[in-house]
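Heads up, final.cif below (mmCIF, C-alpha atoms; chains and numbers go by the auth columns):
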data_work
#
loop_
_atom_site.group_PDB
_atom_site.id
_atom_site.type_symbol
_atom_site.label_atom_id
_atom_site.label_comp_id
_atom_site.label_asym_id
_atom_site.label_seq_id
_atom_site.Cartn_x
_atom_site.Cartn_y
_atom_site.Cartn_z
_atom_site.B_iso_or_equiv
_atom_site.auth_seq_id
_atom_site.auth_asym_id
ATOM 1 C CA PHE A 1 3.193 -107.241 -59.924 0.00 1 A
ATOM 2 C CA GLU A 2 0.023 -105.247 -60.337 0.00 2 A
ATOM 3 C CA GLY A 3 -3.403 -106.389 -59.156 0.00 3 A
ATOM 4 C CA SER A 4 -3.966 -108.578 -62.269 0.00 4 A
ATOM 5 C CA GLY A 5 -0.791 -110.518 -61.602 0.00 5 A
ATOM 6 C CA ARG A 6 1.093 -109.020 -64.560 0.00 6 A
ATOM 7 C CA PRO A 7 4.630 -107.833 -63.890 0.00 7 A
ATOM 8 C CA THR A 8 5.270 -104.099 -63.790 0.00 8 A
ATOM 9 C CA ARG A 9 8.467 -102.184 -64.226 0.00 9 A
ATOM 10 C CA SER A 10 9.680 -98.827 -63.101 0.00 10 A
ATOM 11 C CA GLU A 11 11.185 -96.412 -65.613 0.00 11 A
ATOM 12 C CA GLU A 12 13.069 -93.202 -65.037 0.00 12 A
ATOM 13 C CA GLU A 13 13.085 -90.291 -67.417 0.00 13 A
ATOM 14 C CA VAL A 14 14.709 -86.915 -66.901 0.00 14 A
ATOM 15 C CA LEU A 15 12.425 -84.008 -67.794 0.00 15 A
ATOM 16 C CA GLU A 16 13.933 -80.568 -68.198 0.00 16 A
ATOM 17 C CA LEU A 17 11.902 -77.618 -66.913 0.00 17 A
ATOM 18 C CA ARG A 18 12.769 -74.323 -68.562 0.00 18 A
ATOM 19 C CA VAL A 19 11.283 -71.631 -66.365 0.00 19 A
ATOM 20 C CA LYS A 20 11.155 -68.347 -68.245 0.00 20 A
ATOM 21 C CA PRO A 21 11.972 -65.073 -66.476 0.00 21 A
ATOM 22 C CA GLY A 22 8.820 -63.320 -65.331 0.00 22 A
ATOM 23 C CA TRP A 23 6.573 -66.375 -65.054 0.00 23 A
ATOM 24 C CA LYS A 24 4.027 -65.757 -62.333 0.00 24 A
ATOM 25 C CA LYS A 25 2.945 -67.926 -59.424 0.00 25 A
ATOM 26 C CA GLY A 26 0.404 -70.482 -60.623 0.00 26 A
ATOM 27 C CA THR A 27 1.822 -70.816 -64.163 0.00 27 A
ATOM 28 C CA LYS A 28 1.424 -74.450 -65.230 0.00 28 A
ATOM 29 C CA LEU A 29 3.955 -76.422 -67.228 0.00 29 A
ATOM 30 C CA THR A 30 2.550 -79.692 -68.633 0.00 30 A
ATOM 31 C CA PHE A 31 4.415 -82.723 -69.940 0.00 31 A
ATOM 32 C CA GLN A 32 1.806 -84.690 -71.856 0.00 32 A
ATOM 33 C CA GLN A 33 1.628 -88.427 -71.191 0.00 33 A
ATOM 34 C CA LYS A 34 4.695 -88.404 -68.923 0.00 34 A
ATOM 35 C CA GLY A 35 2.857 -89.375 -65.736 0.00 35 A
ATOM 36 C CA ASP A 36 1.861 -92.757 -64.346 0.00 36 A
ATOM 37 C CA GLU A 37 0.971 -95.483 -66.807 0.00 37 A
ATOM 38 C CA ARG A 38 -1.388 -98.432 -66.447 0.00 38 A
ATOM 39 C CA PRO A 39 -1.951 -101.191 -68.962 0.00 39 A
ATOM 40 C CA GLY A 40 -4.786 -100.307 -71.323 0.00 40 A
ATOM 41 C CA HIS A 41 -4.789 -96.619 -70.334 0.00 41 A
ATOM 42 C CA ILE A 42 -3.219 -93.529 -71.832 0.00 42 A
ATOM 43 C CA PRO A 43 -0.407 -92.276 -69.573 0.00 43 A
ATOM 44 C CA ALA A 44 -1.331 -89.368 -67.349 0.00 44 A
ATOM 45 C CA ASP A 45 -0.005 -85.848 -67.900 0.00 45 A
ATOM 46 C CA MET A 46 2.598 -84.523 -65.483 0.00 46 A
ATOM 47 C CA VAL A 47 1.847 -80.929 -64.435 0.00 47 A
ATOM 48 C CA PHE A 48 4.229 -78.613 -62.603 0.00 48 A
ATOM 49 C CA ILE A 49 2.883 -75.422 -61.025 0.00 49 A
ATOM 50 C CA ILE A 50 5.228 -72.458 -60.498 0.00 50 A
ATOM 51 C CA GLU A 51 5.540 -71.201 -56.926 0.00 51 A
ATOM 52 C CA GLU A 52 7.311 -68.022 -55.848 0.00 52 A
ATOM 53 C CA LYS A 53 10.031 -68.081 -53.260 0.00 53 A
ATOM 54 C CA PRO A 54 9.783 -65.186 -50.751 0.00 54 A
ATOM 55 C CA HIS A 55 12.558 -62.598 -51.053 0.00 55 A
ATOM 56 C CA ALA A 56 14.187 -60.689 -48.193 0.00 56 A
ATOM 57 C CA ARG A 57 13.858 -57.229 -49.854 0.00 57 A
ATOM 58 C CA PHE A 58 11.267 -57.434 -52.593 0.00 58 A
ATOM 59 C CA LYS A 59 7.652 -58.476 -52.884 0.00 59 A
ATOM 60 C CA ARG A 60 6.134 -59.174 -56.287 0.00 60 A
ATOM 61 C CA ASP A 61 2.980 -57.325 -57.344 0.00 61 A
ATOM 62 C CA GLY A 62 2.155 -58.506 -60.874 0.00 62 A
ATOM 63 C CA ASP A 63 5.096 -57.391 -63.019 0.00 63 A
ATOM 64 C CA ASN A 64 6.256 -54.883 -60.392 0.00 64 A
ATOM 65 C CA LEU A 65 8.683 -55.374 -57.537 0.00 65 A
ATOM 66 C CA VAL A 66 7.842 -53.557 -54.306 0.00 66 A
ATOM 67 C CA MET A 67 10.242 -52.742 -51.494 0.00 67 A
ATOM 68 C CA THR A 68 10.029 -50.621 -48.349 0.00 68 A
ATOM 69 C CA LYS A 69 12.788 -48.166 -47.433 0.00 69 A
ATOM 70 C CA ARG A 70 12.895 -46.669 -43.948 0.00 70 A
ATOM 71 C CA ILE A 71 14.240 -43.103 -43.881 0.00 71 A
ATOM 72 C CA SER A 72 14.603 -40.446 -41.208 0.00 72 A
ATOM 73 C CA LEU A 73 12.340 -37.406 -41.049 0.00 73 A
ATOM 74 C CA SER A 74 15.255 -35.154 -42.006 0.00 74 A
ATOM 75 C CA ASP A 75 16.001 -37.335 -45.062 0.00 75 A
ATOM 76 C CA ALA A 76 12.295 -37.237 -45.972 0.00 76 A
ATOM 77 C CA LEU A 77 12.297 -33.443 -45.882 0.00 77 A
ATOM 78 C CA CYS A 78 15.756 -32.735 -47.330 0.00 78 A
ATOM 79 C CA GLY A 79 16.330 -35.707 -49.628 0.00 79 A
ATOM 80 C CA VAL A 80 18.635 -38.688 -49.549 0.00 80 A
ATOM 81 C CA GLU A 81 20.494 -41.006 -51.904 0.00 81 A
ATOM 82 C CA PHE A 82 20.677 -44.740 -51.253 0.00 82 A
ATOM 83 C CA PRO A 83 21.722 -47.855 -53.167 0.00 83 A
ATOM 84 C CA VAL A 84 19.293 -50.609 -54.192 0.00 84 A
ATOM 85 C CA GLN A 85 20.683 -53.933 -55.333 0.00 85 A
ATOM 86 C CA THR A 86 18.515 -55.420 -58.099 0.00 86 A
ATOM 87 C CA LEU A 87 17.657 -59.101 -58.450 0.00 87 A
ATOM 88 C CA ASP A 88 20.205 -59.402 -61.270 0.00 88 A
ATOM 89 C CA GLY A 89 23.007 -58.021 -59.081 0.00 89 A
ATOM 90 C CA ARG A 90 23.210 -54.437 -60.376 0.00 90 A
ATOM 91 C CA THR A 91 23.245 -51.518 -57.953 0.00 91 A
ATOM 92 C CA LEU A 92 20.906 -48.598 -58.607 0.00 92 A
ATOM 93 C CA THR A 93 21.417 -45.245 -56.900 0.00 93 A
ATOM 94 C CA VAL A 94 18.032 -43.849 -55.905 0.00 94 A
ATOM 95 C CA SER A 95 17.752 -40.157 -55.088 0.00 95 A
ATOM 96 C CA THR A 96 14.980 -38.184 -53.417 0.00 96 A
ATOM 97 C CA ARG A 97 16.977 -34.918 -53.405 0.00 97 A
ATOM 98 C CA ASP A 98 14.332 -33.141 -55.547 0.00 98 A
ATOM 99 C CA ASP A 99 11.378 -34.503 -53.543 0.00 99 A
ATOM 100 C CA VAL A 100 9.787 -34.103 -50.145 0.00 100 A
ATOM 101 C CA ILE A 101 8.780 -37.573 -48.994 0.00 101 A
ATOM 102 C CA THR A 102 5.529 -37.766 -47.055 0.00 102 A
ATOM 103 C CA PRO A 103 4.519 -40.755 -44.928 0.00 103 A
ATOM 104 C CA ASN A 104 3.341 -43.709 -47.052 0.00 104 A
ATOM 105 C CA SER A 105 4.526 -42.132 -50.295 0.00 105 A
ATOM 106 C CA SER A 106 6.400 -44.099 -52.948 0.00 106 A
ATOM 107 C CA LYS A 107 8.819 -43.621 -55.817 0.00 107 A
ATOM 108 C CA ILE A 108 8.603 -45.597 -59.077 0.00 108 A
ATOM 109 C CA ILE A 109 11.723 -46.656 -60.979 0.00 109 A
ATOM 110 C CA ARG A 110 10.458 -47.584 -64.450 0.00 110 A
ATOM 111 C CA GLY A 111 11.682 -50.785 -66.077 0.00 111 A
ATOM 112 C CA GLU A 112 13.379 -52.233 -62.975 0.00 112 A
ATOM 113 C CA GLY A 113 10.710 -54.752 -61.969 0.00 113 A
ATOM 114 C CA MET A 114 10.098 -58.326 -63.098 0.00 114 A
ATOM 115 C CA PRO A 115 10.579 -59.377 -66.719 0.00 115 A
ATOM 116 C CA ILE A 116 7.281 -59.498 -68.620 0.00 116 A
ATOM 117 C CA SER A 117 7.224 -63.017 -70.096 0.00 117 A
ATOM 118 C CA LYS A 118 4.831 -62.118 -72.926 0.00 118 A
ATOM 119 C CA GLN A 119 6.824 -59.003 -73.891 0.00 119 A
ATOM 120 C CA PRO A 120 10.496 -60.026 -74.236 0.00 120 A
ATOM 121 C CA GLY A 121 12.862 -57.223 -73.254 0.00 121 A
ATOM 122 C CA SER A 122 10.192 -55.439 -71.173 0.00 122 A
ATOM 123 C CA LYS A 123 10.080 -55.213 -67.402 0.00 123 A
ATOM 124 C CA GLY A 124 7.645 -53.962 -64.805 0.00 124 A
ATOM 125 C CA ASN A 125 8.547 -51.221 -62.343 0.00 125 A
ATOM 126 C CA LEU A 126 10.369 -51.078 -59.041 0.00 126 A
ATOM 127 C CA VAL A 127 8.117 -49.407 -56.470 0.00 127 A
ATOM 128 C CA ILE A 128 9.902 -48.050 -53.400 0.00 128 A
ATOM 129 C CA LYS A 129 7.522 -47.361 -50.515 0.00 129 A
ATOM 130 C CA PHE A 130 8.878 -45.030 -47.862 0.00 130 A
ATOM 131 C CA ASP A 131 8.516 -45.565 -44.141 0.00 131 A
ATOM 132 C CA VAL A 132 9.372 -42.221 -42.519 0.00 132 A
ATOM 133 C CA ALA A 133 10.811 -42.558 -39.005 0.00 133 A
ATOM 134 C CA PHE A 134 9.580 -39.689 -36.837 0.00 134 A
ATOM 135 C CA PRO A 135 11.451 -38.805 -33.653 0.00 135 A
ATOM 136 C CA ARG A 136 9.776 -40.118 -30.509 0.00 136 A
ATOM 137 C CA GLN A 137 10.223 -36.835 -28.683 0.00 137 A
ATOM 138 C CA LEU A 138 11.686 -33.361 -29.105 0.00 138 A
ATOM 139 C CA ASN A 139 12.825 -30.941 -26.454 0.00 139 A
ATOM 140 C CA SER A 140 11.542 -27.353 -26.441 0.00 140 A
ATOM 141 C CA SER A 141 14.690 -25.989 -28.114 0.00 141 A
ATOM 142 C CA GLN A 142 14.374 -28.456 -31.004 0.00 142 A
ATOM 143 C CA LYS A 143 10.707 -27.596 -31.412 0.00 143 A
ATOM 144 C CA GLU A 144 11.505 -23.876 -31.577 0.00 144 A
ATOM 145 C CA GLN A 145 14.205 -24.466 -34.206 0.00 145 A
ATOM 146 C CA ILE A 146 11.820 -26.521 -36.354 0.00 146 A
ATOM 147 C CA ARG A 147 9.063 -23.894 -36.050 0.00 147 A
ATOM 148 C CA SER A 148 11.476 -21.153 -37.112 0.00 148 A
ATOM 149 C CA LEU A 149 12.582 -23.123 -40.203 0.00 149 A
ATOM 150 C CA LEU A 150 9.300 -24.564 -41.452 0.00 150 A
ATOM 151 C CA PRO A 151 6.369 -22.561 -42.783 0.00 151 A
ATOM 152 C CA GLN A 152 3.310 -22.538 -40.561 0.00 152 A
ATOM 153 C CA ALA A 153 0.211 -24.373 -41.767 0.00 153 A
ATOM 154 C CA VAL A 154 -2.615 -22.155 -42.929 0.00 154 A
#

Show me, as structure tokens, the structure contained in the file I just sent.
Amino acid sequence: FEGSGRPTRSEEEVLELRVKPGWKKGTKLTFQQKGDERPGHIPADMVFIIEEKPHARFKRDGDNLVMTKRISLSDALCGVEFPVQTLDGRTLTVSTRDDVITPNSSKIIRGEGMPISKQPGSKGNLVIKFDVAFPRQLNSSQKEQIRSLLPQAV
């Protein structure tokens, strides 16, 4: 019974949420007049707000996916190939063989980010940020070898 003494009843209704690929955090999905009802009042709207679940490898930045890849100094200088598993289960082979990777640099893989909900068939980019692991120490022989191989700064 409600406050006026009139009987009330509880009703269940199943609402289906169809979340489209690429929807961003904060996107609202509204079911009009599907919320609480009171006699003499229009039923309230039921609003669902999209939240993003954190991912172990990727962080979302708009339509782009960002990941960090730690590589050795020798791989940064000489190049490396490594696999990246995408969110949809594919494996991409990423190569830096033609590049010299400097600390805090990144590589962009076009079209491998999040789906763009307002542009069906389009995706953002995958941005791979590199974390170059420098050796903690070198002995004098190693230092001499490196100096003999690398050009001196001018």

* To do: Could you give me, as a ChimeraX atom specification, the residues within 10 Å of Pro83 of chain A, counting only C-alpha atoms and dropping anything in the same chain fewer than 6 positions from it?
  => /A:90-95

* To do: Could you tell me which residues the PyMOL selection byres ((chain A and resi 11-25) around 7) returns for this structure, as a ChimeraX atom specification?
  => /A:9-10,26-27,50-52,114-117

* Asked: Exactly which residues make up the result of the PyMOL selection byres ((chain A and resi 47) around 10) on this file, given as a ChimeraX atom specification?
  -> /A:28-32,34-35,44-46,48-50

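Between atom CA of Pro120 of chain A and atom CA of Gln85 of chain A the interatomic distance comes to 22.3 Å.
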
* Given the file above and the PyMOL selection byres ((chain A and resi 102) around 12), which residues are selected, and can you give them as a VMD selection string? -> chain A and resid 70 to 79 96 99 to 101 103 to 107 129 to 134

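Computed from the coordinates, the atom CA of Ile108 of chain A to atom CA of Ala56 of chain A distance equals 19.4 Å.
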
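For the pair atom CA of Val80 of chain A and atom CA of Asp98 of chain A, the interatomic distance is 9.2 Å.
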
Taking all atoms of segment 115-122 of chain A that appear in the file, build a box with edges along x, y and z, extend it by 3 Å on every side, and state its centre and edge lengths in Å to one decimal, as JSON.
{"center_x": 8.8, "center_y": -59.2, "center_z": -70.5, "size_x": 14.0, "size_y": 13.6, "size_z": 13.5}

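Distances here use only C-alpha atoms; by that measure, the residue among A:Arg110, A:Ile146, A:Ala153, A:Gln137 closest to Leu65 of chain A is A:Arg110.
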
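Of the listed residues (A:Val84, A:Gln33, A:Ser140, A:Asn125), A:Val84 comes nearest to Thr68 of chain A; the distances count all atoms listed in the file.
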
* Asked: Hey, what's within 9 Å of Val66 of chain A if we count all atoms listed in the file and toss same-chain stuff fewer than 6 positions away? As a list in words, please?
  -> Arg57, Phe58, Lys59, Arg60, Gly113, Asn125, Leu126, Val127, Ile128 and Lys129 of chain A

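Of the listed residues (A:Leu138, A:Leu150, A:Ile42, A:Leu87), A:Leu87 comes nearest to Glu112 of chain A; the distances count only C-alpha atoms.
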